[in-house]
Structure formats: C-alpha cells, structure tokens
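Printed here is my_file-v5.cif (mmCIF, C-alpha atoms and all ligand atoms):
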```
data_data
#
loop_
_atom_site.label_atom_id
_atom_site.label_comp_id
_atom_site.auth_asym_id
_atom_site.auth_seq_id
_atom_site.Cartn_x
_atom_site.Cartn_y
_atom_site.Cartn_z
CA MET K 143 -122.71 17.61 -201.40
CA TRP K 144 -121.14 15.24 -203.87
CA LYS K 145 -120.45 11.93 -202.24
CA VAL K 146 -118.48 9.11 -203.68
CA GLN K 147 -118.88 5.66 -202.28
CA SER K 148 -115.49 4.30 -203.06
CA GLY K 149 -116.75 0.79 -202.59
CA CYS K 150 -113.22 -0.17 -201.64
CA ASN K 151 -113.04 -2.69 -198.90
CA PHE K 152 -109.51 -2.66 -197.63
CA GLY K 153 -110.02 -5.78 -195.58
CA LEU K 154 -110.76 -3.72 -192.49
CA LYS K 155 -113.55 -1.30 -193.23
CA THR K 156 -115.22 0.55 -196.03
CA PHE K 157 -114.15 4.13 -196.55
CA VAL K 158 -116.62 6.79 -197.63
CA LEU K 159 -115.15 9.65 -199.60
CA SER K 160 -116.70 13.06 -199.77
CA ARG K 161 -116.05 16.16 -201.81
CA ASN K 162 -114.73 17.92 -198.71
CA ALA K 163 -111.67 15.85 -199.29
CA ILE K 164 -111.70 16.96 -202.95
CA GLY K 165 -113.25 13.65 -203.84
CA VAL K 166 -109.84 12.11 -203.73
CA GLY K 167 -109.68 8.70 -202.22
CA HIS K 168 -106.26 8.92 -200.72
CA ALA K 169 -106.55 7.58 -197.26
CA ARG K 170 -104.33 10.22 -195.81
CA VAL K 171 -107.60 11.98 -196.42
CA ALA K 172 -109.88 12.98 -193.60
CA VAL K 173 -112.69 11.23 -195.34
CA ILE K 174 -113.48 8.35 -193.20
CA ASP K 175 -117.02 7.97 -192.05
CA ASN K 176 -116.73 8.60 -188.32
CA SER K 177 -118.51 5.42 -187.37
CA TYR K 178 -115.57 3.48 -188.79
CA VAL K 179 -112.71 5.62 -187.56
CA THR K 180 -110.26 4.08 -185.16
CA GLY K 181 -108.60 6.11 -182.42
CA LYS K 182 -105.38 6.45 -184.40
CA GLN K 183 -107.22 7.56 -187.50
CA GLN K 184 -109.29 10.10 -185.57
CA GLN K 185 -106.10 11.61 -184.20
CA CYS K 186 -104.70 11.76 -187.67
CA GLN K 187 -107.91 13.20 -189.09
CA ALA K 188 -107.68 16.15 -186.70
CA VAL K 189 -104.13 16.86 -187.81
CA GLN K 190 -104.99 16.53 -191.47
CA LEU K 191 -107.68 19.17 -191.39
CA HIS K 192 -104.88 21.68 -190.99
CA GLN K 193 -101.91 19.90 -192.56
CA PRO K 194 -103.30 17.36 -194.97
CA HIS K 195 -100.01 16.05 -196.30
CA ARG K 196 -98.00 16.21 -193.12
CA CYS K 197 -99.66 13.22 -191.40
CA ASN K 198 -97.43 10.19 -191.71
CA SER K 199 -99.49 7.69 -189.77
CA SER K 200 -99.54 4.54 -191.84
CA ALA K 201 -103.02 3.75 -190.50
CA SER K 202 -104.46 6.55 -192.60
CA ARG K 203 -102.48 6.43 -195.85
CA LEU K 204 -104.31 4.87 -198.75
CA THR K 205 -100.95 4.23 -200.36
CA ASP K 206 -100.29 1.70 -197.57
CA TYR K 207 -103.41 -0.29 -198.34
CA LYS K 208 -102.23 -2.22 -201.36
CA ARG K 209 -104.52 -5.05 -202.30
CA GLY K 210 -105.04 -7.51 -205.11
CA LYS K 211 -102.53 -8.94 -207.54
CA GLY K 212 -102.64 -6.16 -210.11
CA GLY K 213 -105.27 -5.17 -212.65
CA ARG K 214 -108.03 -2.60 -212.70
CA SER K 215 -109.83 -3.89 -209.61
CA SER K 216 -106.75 -4.05 -207.44
CA PHE K 217 -105.02 -1.18 -205.70
CA SER K 218 -101.32 -0.72 -206.44
CA GLY K 219 -100.64 1.79 -203.68
CA MET K 220 -100.05 4.54 -206.23
CA VAL K 221 -102.14 7.70 -206.22
CA ALA K 222 -101.26 9.66 -209.36
CA THR K 223 -102.23 13.14 -210.53
CA VAL K 224 -102.15 13.42 -214.32
CA PHE K 225 -102.01 17.05 -215.45
CA GLY K 226 -102.98 17.39 -219.10
CA CYS K 227 -105.20 14.30 -218.90
CA SER K 228 -107.66 15.83 -221.36
CA GLY K 229 -105.14 15.86 -224.21
CA PHE K 230 -104.30 13.20 -226.78
CA PHE K 231 -101.69 11.39 -224.71
CA GLY K 232 -103.49 11.87 -221.37
CA LYS K 233 -105.92 9.09 -222.25
CA TYR K 234 -103.06 6.64 -222.74
CA VAL K 235 -101.51 7.51 -219.39
CA VAL K 236 -104.75 7.42 -217.38
CA ASN K 237 -105.69 4.10 -219.00
CA ARG K 238 -102.30 2.55 -218.19
CA LEU K 239 -102.44 3.75 -214.59
CA GLY K 240 -106.06 2.63 -214.15
CA LYS K 241 -105.17 -0.76 -215.57
CA MET K 242 -102.45 -1.32 -212.99
CA GLY K 243 -104.76 -0.41 -210.11
CA CYS K 244 -103.77 3.19 -209.42
CA GLN K 245 -106.05 5.85 -208.14
CA VAL K 246 -105.85 8.67 -210.69
CA ILE K 247 -106.64 12.32 -210.04
CA CYS K 248 -107.58 14.04 -213.30
CA PRO K 249 -107.30 17.83 -213.11
CA TYR K 250 -108.99 19.57 -216.05
CA ARG K 251 -109.65 23.16 -217.06
CA GLY K 252 -112.52 22.96 -219.54
CA ASP K 253 -115.89 21.30 -219.65
CA PRO K 254 -116.19 18.17 -217.49
CA TYR K 255 -117.82 16.44 -220.49
CA ASP K 256 -114.44 16.62 -222.26
CA VAL K 257 -112.89 14.25 -219.74
CA LYS K 258 -115.84 11.97 -219.03
CA GLU K 259 -114.36 9.04 -221.02
CA LEU K 260 -111.52 8.80 -218.53
CA LYS K 261 -113.97 7.69 -215.85
CA LEU K 262 -114.17 4.25 -217.45
CA MET K 263 -110.44 3.67 -217.26
CA GLY K 264 -110.35 2.63 -213.63
CA ASP K 265 -112.42 0.83 -211.06
CA LEU K 266 -115.32 2.52 -209.28
CA GLY K 267 -114.06 5.58 -207.38
CA GLN K 268 -110.52 5.28 -208.70
CA ILE K 269 -110.66 8.00 -211.37
CA LEU K 270 -111.44 11.35 -209.79
CA PHE K 271 -111.80 14.78 -211.39
CA LEU K 272 -110.88 18.22 -210.18
CA PRO K 273 -111.16 21.60 -211.96
CA ILE K 274 -107.92 23.61 -211.96
CA HIS K 275 -106.39 26.74 -213.43
CA LEU K 276 -102.72 26.64 -214.37
CA GLU K 277 -102.07 29.96 -212.63
CA ASP K 278 -104.07 29.17 -209.49
CA GLU K 279 -101.61 27.59 -207.08
CA ALA K 280 -104.29 26.62 -204.57
CA SER K 281 -106.11 24.48 -207.16
CA LEU K 282 -102.86 22.86 -208.34
CA ARG K 283 -101.82 22.11 -204.77
CA LYS K 284 -105.22 20.61 -204.06
CA ALA K 285 -104.86 18.31 -207.05
CA MET K 286 -101.55 16.94 -205.75
CA GLN K 287 -101.93 16.98 -202.00
CA TYR K 288 -102.84 13.31 -201.63
CA SER K 289 -100.76 11.94 -204.49
CA ASN K 290 -97.43 10.18 -204.38
CA VAL K 291 -96.95 10.46 -208.16
CA VAL K 292 -97.48 13.37 -210.56
CA VAL K 293 -97.36 13.16 -214.35
CA ASN K 294 -97.28 16.52 -216.11
CA LEU K 295 -98.47 16.37 -219.72
CA ILE K 296 -99.47 20.01 -219.95
CA GLY K 297 -97.97 21.60 -223.03
CA LYS K 298 -99.09 23.78 -225.89
CA ASN K 299 -97.78 24.04 -229.44
CA ASN K 300 -99.66 27.22 -230.26
CA GLU K 301 -100.12 30.46 -228.32
CA THR K 302 -103.56 31.70 -227.31
CA ARG K 303 -104.92 35.05 -226.11
CA ASN K 304 -104.67 33.90 -222.51
CA PHE K 305 -101.53 31.75 -222.49
CA SER K 306 -98.22 32.30 -224.25
CA PHE K 307 -95.72 29.47 -224.87
CA GLU K 308 -93.76 30.78 -221.90
CA ASP K 309 -96.84 30.69 -219.60
CA VAL K 310 -97.62 27.05 -220.35
CA ASN K 311 -94.38 25.30 -221.28
CA TYR K 312 -92.07 27.11 -218.87
CA LEU K 313 -93.87 28.89 -216.02
CA GLY K 314 -96.65 26.27 -215.75
CA ALA K 315 -94.14 23.39 -215.68
CA GLN K 316 -92.02 25.19 -213.09
CA ARG K 317 -95.06 25.89 -210.90
CA ILE K 318 -96.24 22.28 -210.97
CA ALA K 319 -92.74 20.98 -210.13
CA ARG K 320 -92.36 23.40 -207.22
CA LEU K 321 -95.79 22.62 -205.78
CA ALA K 322 -95.20 18.88 -206.23
CA LYS K 323 -92.02 19.15 -204.19
CA GLU K 324 -93.78 21.20 -201.51
CA SER K 325 -96.65 18.70 -201.37
CA GLY K 326 -94.31 15.80 -200.68
CA VAL K 327 -94.86 14.05 -204.03
CA GLU K 328 -92.37 11.19 -204.42
CA LYS K 329 -92.18 10.95 -208.22
CA LEU K 330 -92.69 13.56 -210.90
CA LEU K 331 -92.69 12.65 -214.57
CA HIS K 332 -92.50 15.67 -216.83
CA PHE K 333 -93.12 15.71 -220.59
CA SER K 334 -90.82 17.92 -222.60
CA SER K 335 -90.15 17.45 -226.30
CA LEU K 336 -87.47 15.88 -228.51
CA ASN K 337 -85.12 18.57 -229.87
CA ALA K 338 -86.00 21.02 -227.09
CA CYS K 339 -82.93 23.24 -226.79
CA PRO K 340 -82.02 26.81 -225.80
CA ASN K 341 -81.41 27.99 -229.40
CA PRO K 342 -83.37 25.95 -231.94
CA ALA K 343 -82.14 26.35 -235.51
CA GLY K 344 -84.32 28.50 -237.77
CA HIS K 345 -86.07 26.79 -240.68
CA VAL K 346 -89.56 27.94 -241.62
CA LEU K 347 -89.31 30.52 -238.83
CA PRO K 348 -85.92 32.26 -239.09
CA GLU K 349 -85.74 32.74 -235.32
CA GLY K 350 -86.36 29.05 -234.58
CA SER K 351 -89.18 27.36 -232.72
CA GLU K 352 -90.47 29.15 -229.64
CA PHE K 353 -92.20 25.92 -228.62
CA LEU K 354 -88.86 24.07 -228.42
CA ARG K 355 -87.17 26.98 -226.67
CA THR K 356 -89.84 27.21 -223.95
CA LYS K 357 -90.02 23.43 -223.60
CA PHE K 358 -86.30 23.45 -222.88
CA LYS K 359 -86.67 26.24 -220.33
CA GLY K 360 -89.49 24.27 -218.69
CA GLU K 361 -87.34 21.14 -218.55
CA MET K 362 -84.50 23.03 -216.87
CA ALA K 363 -86.88 24.69 -214.40
CA VAL K 364 -88.39 21.30 -213.50
CA ARG K 365 -84.88 19.92 -212.87
CA GLU K 366 -84.14 22.83 -210.59
CA GLU K 367 -87.35 22.59 -208.56
CA PHE K 368 -87.55 18.79 -208.47
CA PRO K 369 -84.07 17.32 -209.14
CA GLU K 370 -85.29 13.69 -209.04
CA ALA K 371 -87.94 14.32 -211.70
CA ILE K 372 -88.05 11.94 -214.67
CA VAL K 373 -88.13 13.85 -217.96
CA PHE K 374 -89.54 12.33 -221.16
CA ARG K 375 -88.64 14.01 -224.46
CA PRO K 376 -90.87 12.28 -227.01
CA ALA K 377 -90.64 12.53 -230.78
CA ASP K 378 -93.97 12.83 -232.64
CA MET K 379 -96.38 10.37 -231.07
CA PHE K 380 -98.98 8.65 -233.19
CA GLY K 381 -102.18 6.94 -232.08
CA GLN K 382 -105.92 7.56 -232.04
CA LEU K 383 -106.74 11.25 -232.58
CA ASP K 384 -103.07 12.21 -232.52
CA HIS K 385 -101.62 15.52 -233.64
CA PHE K 386 -99.31 13.92 -236.19
CA LEU K 387 -100.94 11.55 -238.68
CA THR K 388 -104.35 13.21 -238.43
CA LEU K 389 -102.72 16.59 -238.94
CA TYR K 390 -101.40 15.65 -242.38
CA ALA K 391 -104.54 13.74 -243.27
CA ARG K 392 -106.85 16.69 -242.65
CA PRO K 393 -108.38 18.43 -245.68
CA TYR K 394 -107.06 21.85 -244.64
CA ARG K 395 -103.49 20.61 -245.18
CA ARG K 396 -104.29 20.24 -248.89
CA VAL K 397 -104.21 23.09 -251.33
CA ALA K 398 -105.98 22.81 -254.67
CA GLY K 399 -103.62 23.61 -257.55
CA LEU K 400 -103.99 23.96 -261.32
CA GLY K 401 -105.38 21.04 -263.31
CA GLY K 402 -107.14 19.50 -260.33
CA VAL K 403 -103.85 18.64 -258.59
CA THR K 404 -103.87 18.76 -254.80
CA TYR K 405 -100.68 19.88 -253.05
CA ILE K 406 -99.54 19.47 -249.49
CA PRO K 407 -97.31 22.43 -248.63
CA LEU K 408 -94.20 21.25 -246.77
CA TYR K 409 -90.87 22.87 -245.96
CA LYS K 410 -88.55 21.98 -248.91
CA LYS K 411 -91.24 19.54 -250.07
CA GLY K 412 -90.58 17.41 -246.97
CA ARG K 413 -87.31 16.10 -248.42
CA THR K 414 -85.07 17.45 -245.68
CA THR K 415 -87.32 16.68 -242.72
CA VAL K 416 -86.70 13.40 -240.94
CA LYS K 417 -89.22 11.98 -238.48
CA GLN K 418 -88.90 9.10 -236.04
CA PRO K 419 -92.48 8.74 -234.78
CA VAL K 420 -93.28 6.62 -231.78
CA PHE K 421 -96.51 4.78 -230.98
CA ALA K 422 -98.32 6.49 -228.10
CA SER K 423 -99.22 3.16 -226.52
CA ASP K 424 -95.50 2.26 -226.29
CA VAL K 425 -94.82 5.60 -224.62
CA GLY K 426 -97.67 4.81 -222.18
CA ASP K 427 -95.89 1.56 -221.28
CA GLY K 428 -92.71 3.57 -220.83
CA VAL K 429 -94.45 5.91 -218.40
CA VAL K 430 -95.54 3.00 -216.20
CA LYS K 431 -92.09 1.38 -216.31
CA ALA K 432 -90.36 4.65 -215.46
CA LEU K 433 -92.69 5.22 -212.51
CA LEU K 434 -92.11 1.72 -211.15
CA ASP K 435 -88.34 1.63 -211.65
CA PRO K 436 -86.43 3.49 -208.91
CA GLY K 437 -83.41 3.62 -211.24
CA CYS K 438 -85.20 6.13 -213.50
CA MET K 439 -85.34 8.88 -210.89
CA GLY K 440 -83.57 12.05 -212.03
CA LYS K 441 -83.04 10.78 -215.59
CA THR K 442 -83.98 12.28 -218.95
CA PHE K 443 -85.17 10.02 -221.78
CA ASP K 444 -85.37 10.81 -225.47
CA ILE K 445 -88.35 8.77 -226.69
CA VAL K 446 -88.26 7.81 -230.36
CA GLY K 447 -89.73 5.08 -232.54
CA PRO K 448 -87.75 2.25 -234.16
CA HIS K 449 -87.54 3.72 -237.70
CA ARG K 450 -86.62 7.03 -239.31
CA TYR K 451 -88.62 8.33 -242.27
CA ARG K 452 -88.37 11.26 -244.65
CA LEU K 453 -91.51 13.34 -244.16
CA ASP K 454 -92.55 13.21 -247.83
CA HIS K 455 -92.26 9.40 -247.83
CA LEU K 456 -94.27 9.18 -244.65
CA ILE K 457 -97.06 11.38 -245.97
CA THR K 458 -97.17 9.49 -249.25
CA TYR K 459 -97.69 6.35 -247.19
CA ILE K 460 -100.44 8.01 -245.10
CA TYR K 461 -102.29 8.99 -248.27
CA GLN K 462 -101.89 5.50 -249.70
CA CYS K 463 -103.50 4.11 -246.55
CA LEU K 464 -106.30 6.67 -246.73
CA ASP K 465 -106.89 5.72 -250.33
CA THR K 466 -108.04 9.26 -251.18
CA VAL K 467 -106.14 11.85 -253.19
CA PRO K 468 -102.49 11.12 -254.03
CA ALA K 469 -99.99 13.26 -252.14
CA THR K 470 -98.07 15.86 -254.18
CA PHE K 471 -95.77 18.24 -252.39
CA ALA K 472 -95.23 21.94 -252.88
N1 LIG K 501 -98.16 14.59 -229.18
C1 LIG K 501 -96.89 14.66 -229.58
O1 LIG K 501 -96.56 14.17 -230.65
C2 LIG K 501 -95.86 15.29 -228.68
C3 LIG K 501 -94.55 15.42 -229.14
C4 LIG K 501 -93.59 15.98 -228.30
C5 LIG K 501 -93.93 16.44 -227.04
N2 LIG K 501 -95.24 16.33 -226.63
C6 LIG K 501 -95.57 16.81 -225.29
O2 LIG K 501 -96.22 15.77 -224.59
C7 LIG K 501 -97.24 16.32 -223.76
C8 LIG K 501 -98.59 15.65 -224.08
O3 LIG K 501 -98.85 15.79 -225.46
P1 LIG K 501 -100.33 15.74 -226.06
O4 LIG K 501 -100.19 15.38 -227.48
O5 LIG K 501 -101.23 14.92 -225.20
O6 LIG K 501 -100.77 17.27 -225.96
P2 LIG K 501 -102.27 17.87 -226.12
O7 LIG K 501 -103.17 16.88 -226.74
O8 LIG K 501 -102.10 19.20 -226.81
O9 LIG K 501 -102.73 18.09 -224.62
C9 LIG K 501 -102.16 19.10 -223.87
C10 LIG K 501 -102.81 19.11 -222.51
O10 LIG K 501 -102.34 20.28 -221.83
C11 LIG K 501 -103.45 21.02 -221.38
N3 LIG K 501 -103.18 22.44 -221.39
C12 LIG K 501 -102.65 23.16 -222.39
N4 LIG K 501 -102.57 24.45 -222.02
C13 LIG K 501 -103.08 24.52 -220.77
C14 LIG K 501 -103.29 25.56 -219.85
N5 LIG K 501 -102.98 26.84 -220.14
N6 LIG K 501 -103.85 25.30 -218.65
C15 LIG K 501 -104.18 24.02 -218.33
N7 LIG K 501 -104.02 22.98 -219.15
C16 LIG K 501 -103.47 23.23 -220.36
C17 LIG K 501 -104.57 20.69 -222.35
O11 LIG K 501 -105.81 20.97 -221.73
P3 LIG K 501 -107.11 21.29 -222.64
O12 LIG K 501 -107.56 19.94 -223.16
O13 LIG K 501 -108.05 21.90 -221.70
O14 LIG K 501 -106.65 22.19 -223.75
C18 LIG K 501 -104.33 19.20 -222.57
O15 LIG K 501 -104.88 18.45 -221.53
C19 LIG K 501 -97.25 17.82 -224.02
O16 LIG K 501 -96.47 18.45 -223.04
C20 LIG K 501 -96.58 17.96 -225.37
O17 LIG K 501 -95.92 19.19 -225.51
C21 LIG K 501 -96.19 15.77 -227.42
#
```

Could you write out this file's structure as structure tokens?
Amino acid sequence: MWKVQSGCNFGLKTFVLSRNAIGVGHARVAVIDNSYVTGKQQQCQAVQLHQPHRCNSSASRLTDYKRGKGGRSSFSGMVATVFGCSGFFGKYVVNRLGKMGCQVICPYRGDPYDVKELKLMGDLGQILFLPIHLEDEASLRKAMQYSNVVVNLIGKNNETRNFSFEDVNYLGAQRIARLAKESGVEKLLHFSSLNACPNPAGHVLPEGSEFLRTKFKGEMAVREEFPEAIVFRPADMFGQLDHFLTLYARPYRRVAGLGGVTYIPLYKKGRTTVKQPVFASDVGDGVVKALLDPGCMGKTFDIVGPHRYRLDHLITYIYQCLDTVPATFA
C-alpha cells in the first residue's frame, strides 16, 4: 500500500491520504484516518465509497479548506488535473499551479521517471501522479473525480502506430471534455492550436495539415461537450526544450551541400512563412489568469507573441545566437 502523508494541517486535523483514494488529496476523498473523522465526515465517507463526486458536504471537500496567503505552501482551494503534463508545456502549467498553492493531479502514460521532476513543483503531497490510457475512460474519470479544474494539454503533431491525429486531437479531447462534465468539473481549459480550421490551405502537403484539421474538430467537440470550456489556441511556443527553436537548431535539420555549405530546407526558403512565437512562461501566466477569472468561461483565445517574424529571418537569428554554422536556406 502506497501511503502519502499529506502533512497538511487544515487547522482542524491532519488528513492521511492513501492510494485507495488514488493518492489524490481532495478532501471529498474518503481518505481520512478514521481516528480523526467527525460524524459528518463519516457519513459523507460512506456515501463517497459509491458516489465519490456526488457528496456535497462542505466538511469533506478539500476545496473548501483554503489556507495561507498564496504561494507554494498555501492551499488555494483549487484541485487541478493536468492532462499532457509530461510534455514541453505541461511543466510550465504544473509549476504555475504549484506556485499558487494548487493540488495538481498529473496523469501520465509512460514511465513514471519521465514525470518525476514535476514532484518538486508543489508542496509535499500536492503533486500527485496517476497512470492513464487515453482510451480507458475509467482511468480518465479517476484522474478527474476529485478535481474542480482540468487542463487538457494532450495533443500530437505526428501520427504513431497506436494513435492517429484523429484519436488524440479529436476523440481524446472529446472524451476528456465529456468525462470532465460528467465528473462535475467546474473549469476546463483545452489547448487547441492557432490556425486550426476545418479546411487548412495546402502548402507543403497539398491536402493541408491534418494536425490543424483534427485540432479544429477537437475544439468543436470540446465546445459541444463542455460549453463553458476555455479554449487556448497558441502560436508556436518557445521555452526550455521547446518544439520550435530546438527543432530548427537540431543537426538533422541541416543538410550538407556542395562546397561545405550547410542548408536548412524550408518551404519557399522560409520567405513566405510568418511566425509570431510566444514565450511559454507568458502562456503559463495566461493559464492561471484564465482559470481565476470567471469572465473567461466559454471563451476562445488566440495566443500569440508581441512580434511577427519571417521564418528565414528568425532562423538566421537562432543560428547567430548559437554561433555555429551560418544558416543558408534551400
Ligand atoms: N508547443 C507548441 O508550440 C504548440 C503550438 C500550438 C499548439 N500546441 C498544443 O498545446 C498543447 C501542449 O503542447 P506541448 O508542446 O506541451 O506538446 P507535447 O510536448 O508534444 O506534449 C503533448 C502531451 O500529450 C501527451 N500525449 C500525446 N499523445 C497522447 C496519447 N495518445 N495518450 C496520452 N497522452 C498523450 C504526451 O504524453 P507523452 O509525454 O507520454 O508522449 C504529452 O504529455 C498540445 O495540445 C499542442 O498540440 C502546442
């Protein structure tokens, strides 16, 4: 049995969390060491064993036990599930939420070692992990059942043997939104993509981007299942270990040409592509503000940076900063 001593003293008593309650320290949870349970809580506990998210007794909801003035060692009253926490942007979101005193549930699908860094982003017992599978509704429901906020960062920009674009960007998003609604989640923040549309124009691929098409379908499905969802449509995000600057900086993007010249293959030499990248940390701030502001419910935000750049200019600048080979485009 995996036991987590939350160490959280809510002014009344210390709660002991156990894995039976999926290790999640939401106090709607039937996790309270019996020696500390009050009559009201015991009653609630019995109900919760069968209907975990139906009990509305304020005596047993962790979300009602706000404490502190903000910061990592306080508790904001927010219990947030962050799907896609293992990705590039997941770290920014978990860190922001941990910093404002949220309890964060981190569902992951791979090796637990891949998400171990997230543990440090919150106070003891506030960052909790749960294995899930995107097609297993029971595991998804379990990850959300004690949360009042869900952030969905799951997305894929390449297809794999097991998951097509449609499976991840559309059906997965729809499933999470539906289960969030059924679980009584109050706020859902879904990540789509800038330029997501039903018929993306063809450029390199004559039929247009399947990623953007499925992202759009996912966005629409989320709206249908969870009308008050907040949708973020970010442009390329840059930050540590991003998929934008590091992508162009990688050696496999360079092709050796004649006379020792190194080329970076780009569509029309990058002269017709315009980017408006945004700093991931700023988007992280935006996530927190959107979750705290009731006026954002049901809205869609295009998230872009302050400046627009031609792609070839941007990559020339990246290579200047790297101080390695000069960038030549083909
Ligand atoms: N980064 C950008 O510049 C950018 C731009 C526009 C939109 N977005 C959108 O913003 C969101 C976050 O971006 P990101 O850069 O953090 O993406 P990322 O690094 O690729 O992370 C994607 C996350 O989704 C998870 N995931 C993918 N397929 C899954 C599946 N079949 N089952 C379960 N989990 C799955 C990944 O888990 P594993 O780690 O296990 O693979 C990972 O945690 C995504 O929805 C992305 O489409 C990003």

7 Å shell around ligand LIG 501 (chain K) using only C-alpha atoms and all ligand atoms, listed as a PDB file with C-alpha atoms, keeping the file's coordinate frame:
```pdb
ATOM      1  CA  PHE K 225    -102.010  17.050-215.450  1.00  0.00           C
ATOM      2  CA  GLY K 226    -102.980  17.390-219.100  1.00  0.00           C
ATOM      3  CA  CYS K 227    -105.200  14.300-218.900  1.00  0.00           C
ATOM      4  CA  SER K 228    -107.660  15.830-221.360  1.00  0.00           C
ATOM      5  CA  GLY K 229    -105.140  15.860-224.210  1.00  0.00           C
ATOM      6  CA  PHE K 230    -104.300  13.200-226.780  1.00  0.00           C
ATOM      7  CA  PHE K 231    -101.690  11.390-224.710  1.00  0.00           C
ATOM      8  CA  GLY K 232    -103.490  11.870-221.370  1.00  0.00           C
ATOM      9  CA  TYR K 250    -108.990  19.570-216.050  1.00  0.00           C
ATOM     10  CA  ARG K 251    -109.650  23.160-217.060  1.00  0.00           C
ATOM     11  CA  GLY K 252    -112.520  22.960-219.540  1.00  0.00           C
ATOM     12  CA  HIS K 275    -106.390  26.740-213.430  1.00  0.00           C
ATOM     13  CA  LEU K 276    -102.720  26.640-214.370  1.00  0.00           C
ATOM     14  CA  LEU K 295     -98.470  16.370-219.720  1.00  0.00           C
ATOM     15  CA  ILE K 296     -99.470  20.010-219.950  1.00  0.00           C
ATOM     16  CA  GLY K 297     -97.970  21.600-223.030  1.00  0.00           C
ATOM     17  CA  LYS K 298     -99.090  23.780-225.890  1.00  0.00           C
ATOM     18  CA  ASN K 299     -97.780  24.040-229.440  1.00  0.00           C
ATOM     19  CA  PHE K 305    -101.530  31.750-222.490  1.00  0.00           C
ATOM     20  CA  VAL K 310     -97.620  27.050-220.350  1.00  0.00           C
ATOM     21  CA  PHE K 333     -93.120  15.710-220.590  1.00  0.00           C
ATOM     22  CA  SER K 334     -90.820  17.920-222.600  1.00  0.00           C
ATOM     23  CA  SER K 335     -90.150  17.450-226.300  1.00  0.00           C
ATOM     24  CA  LEU K 336     -87.470  15.880-228.510  1.00  0.00           C
ATOM     25  CA  ARG K 375     -88.640  14.010-224.460  1.00  0.00           C
ATOM     26  CA  PRO K 376     -90.870  12.280-227.010  1.00  0.00           C
ATOM     27  CA  ALA K 377     -90.640  12.530-230.780  1.00  0.00           C
ATOM     28  CA  ASP K 378     -93.970  12.830-232.640  1.00  0.00           C
ATOM     29  CA  MET K 379     -96.380  10.370-231.070  1.00  0.00           C
ATOM     30  CA  PHE K 380     -98.980   8.650-233.190  1.00  0.00           C
ATOM     31  CA  ASP K 384    -103.070  12.210-232.520  1.00  0.00           C
ATOM     32  CA  HIS K 385    -101.620  15.520-233.640  1.00  0.00           C
ATOM     33  CA  PHE K 386     -99.310  13.920-236.190  1.00  0.00           C
TER      34      PHE K 386
END
```

Practice prompt. Mind checking which residues fall within 12 Å of Lys359 (chain K), counting all atoms listed in the file, ignoring those fewer than 2 positions away in the same chain, and posting them as a list in words?
Written response: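 The neighbour list is Phe307, Glu308, Asp309, Val310, Asn311, Tyr312, Leu313, Gly314, Ala315, Gln316, Ser334, Ser335, Ala338, Cys339, Pro340, Asn341, Glu352, Phe353, Leu354, Arg355, Thr356, Lys357, Glu361, Met362, Ala363, Val364, Arg365 and Glu366 of chain K.
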
Worksheet entry | Atomic distance CA of Thr458 (chain K) - CA of Thr414 (chain K), expressed in Å with one decimal |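 These atoms are spaced 14.9 Å apart.
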
Worksheet item: Expressed in Å to a single decimal, how great is the separation between CA of Met286 (chain K) and CA of Ser306 (chain K)?
Response: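 Rounded to one decimal, the two atoms are 24.3 Å apart.
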
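Between CA of Val257 (chain K) and CA of Ile460 (chain K) the separation is 28.9 Å.
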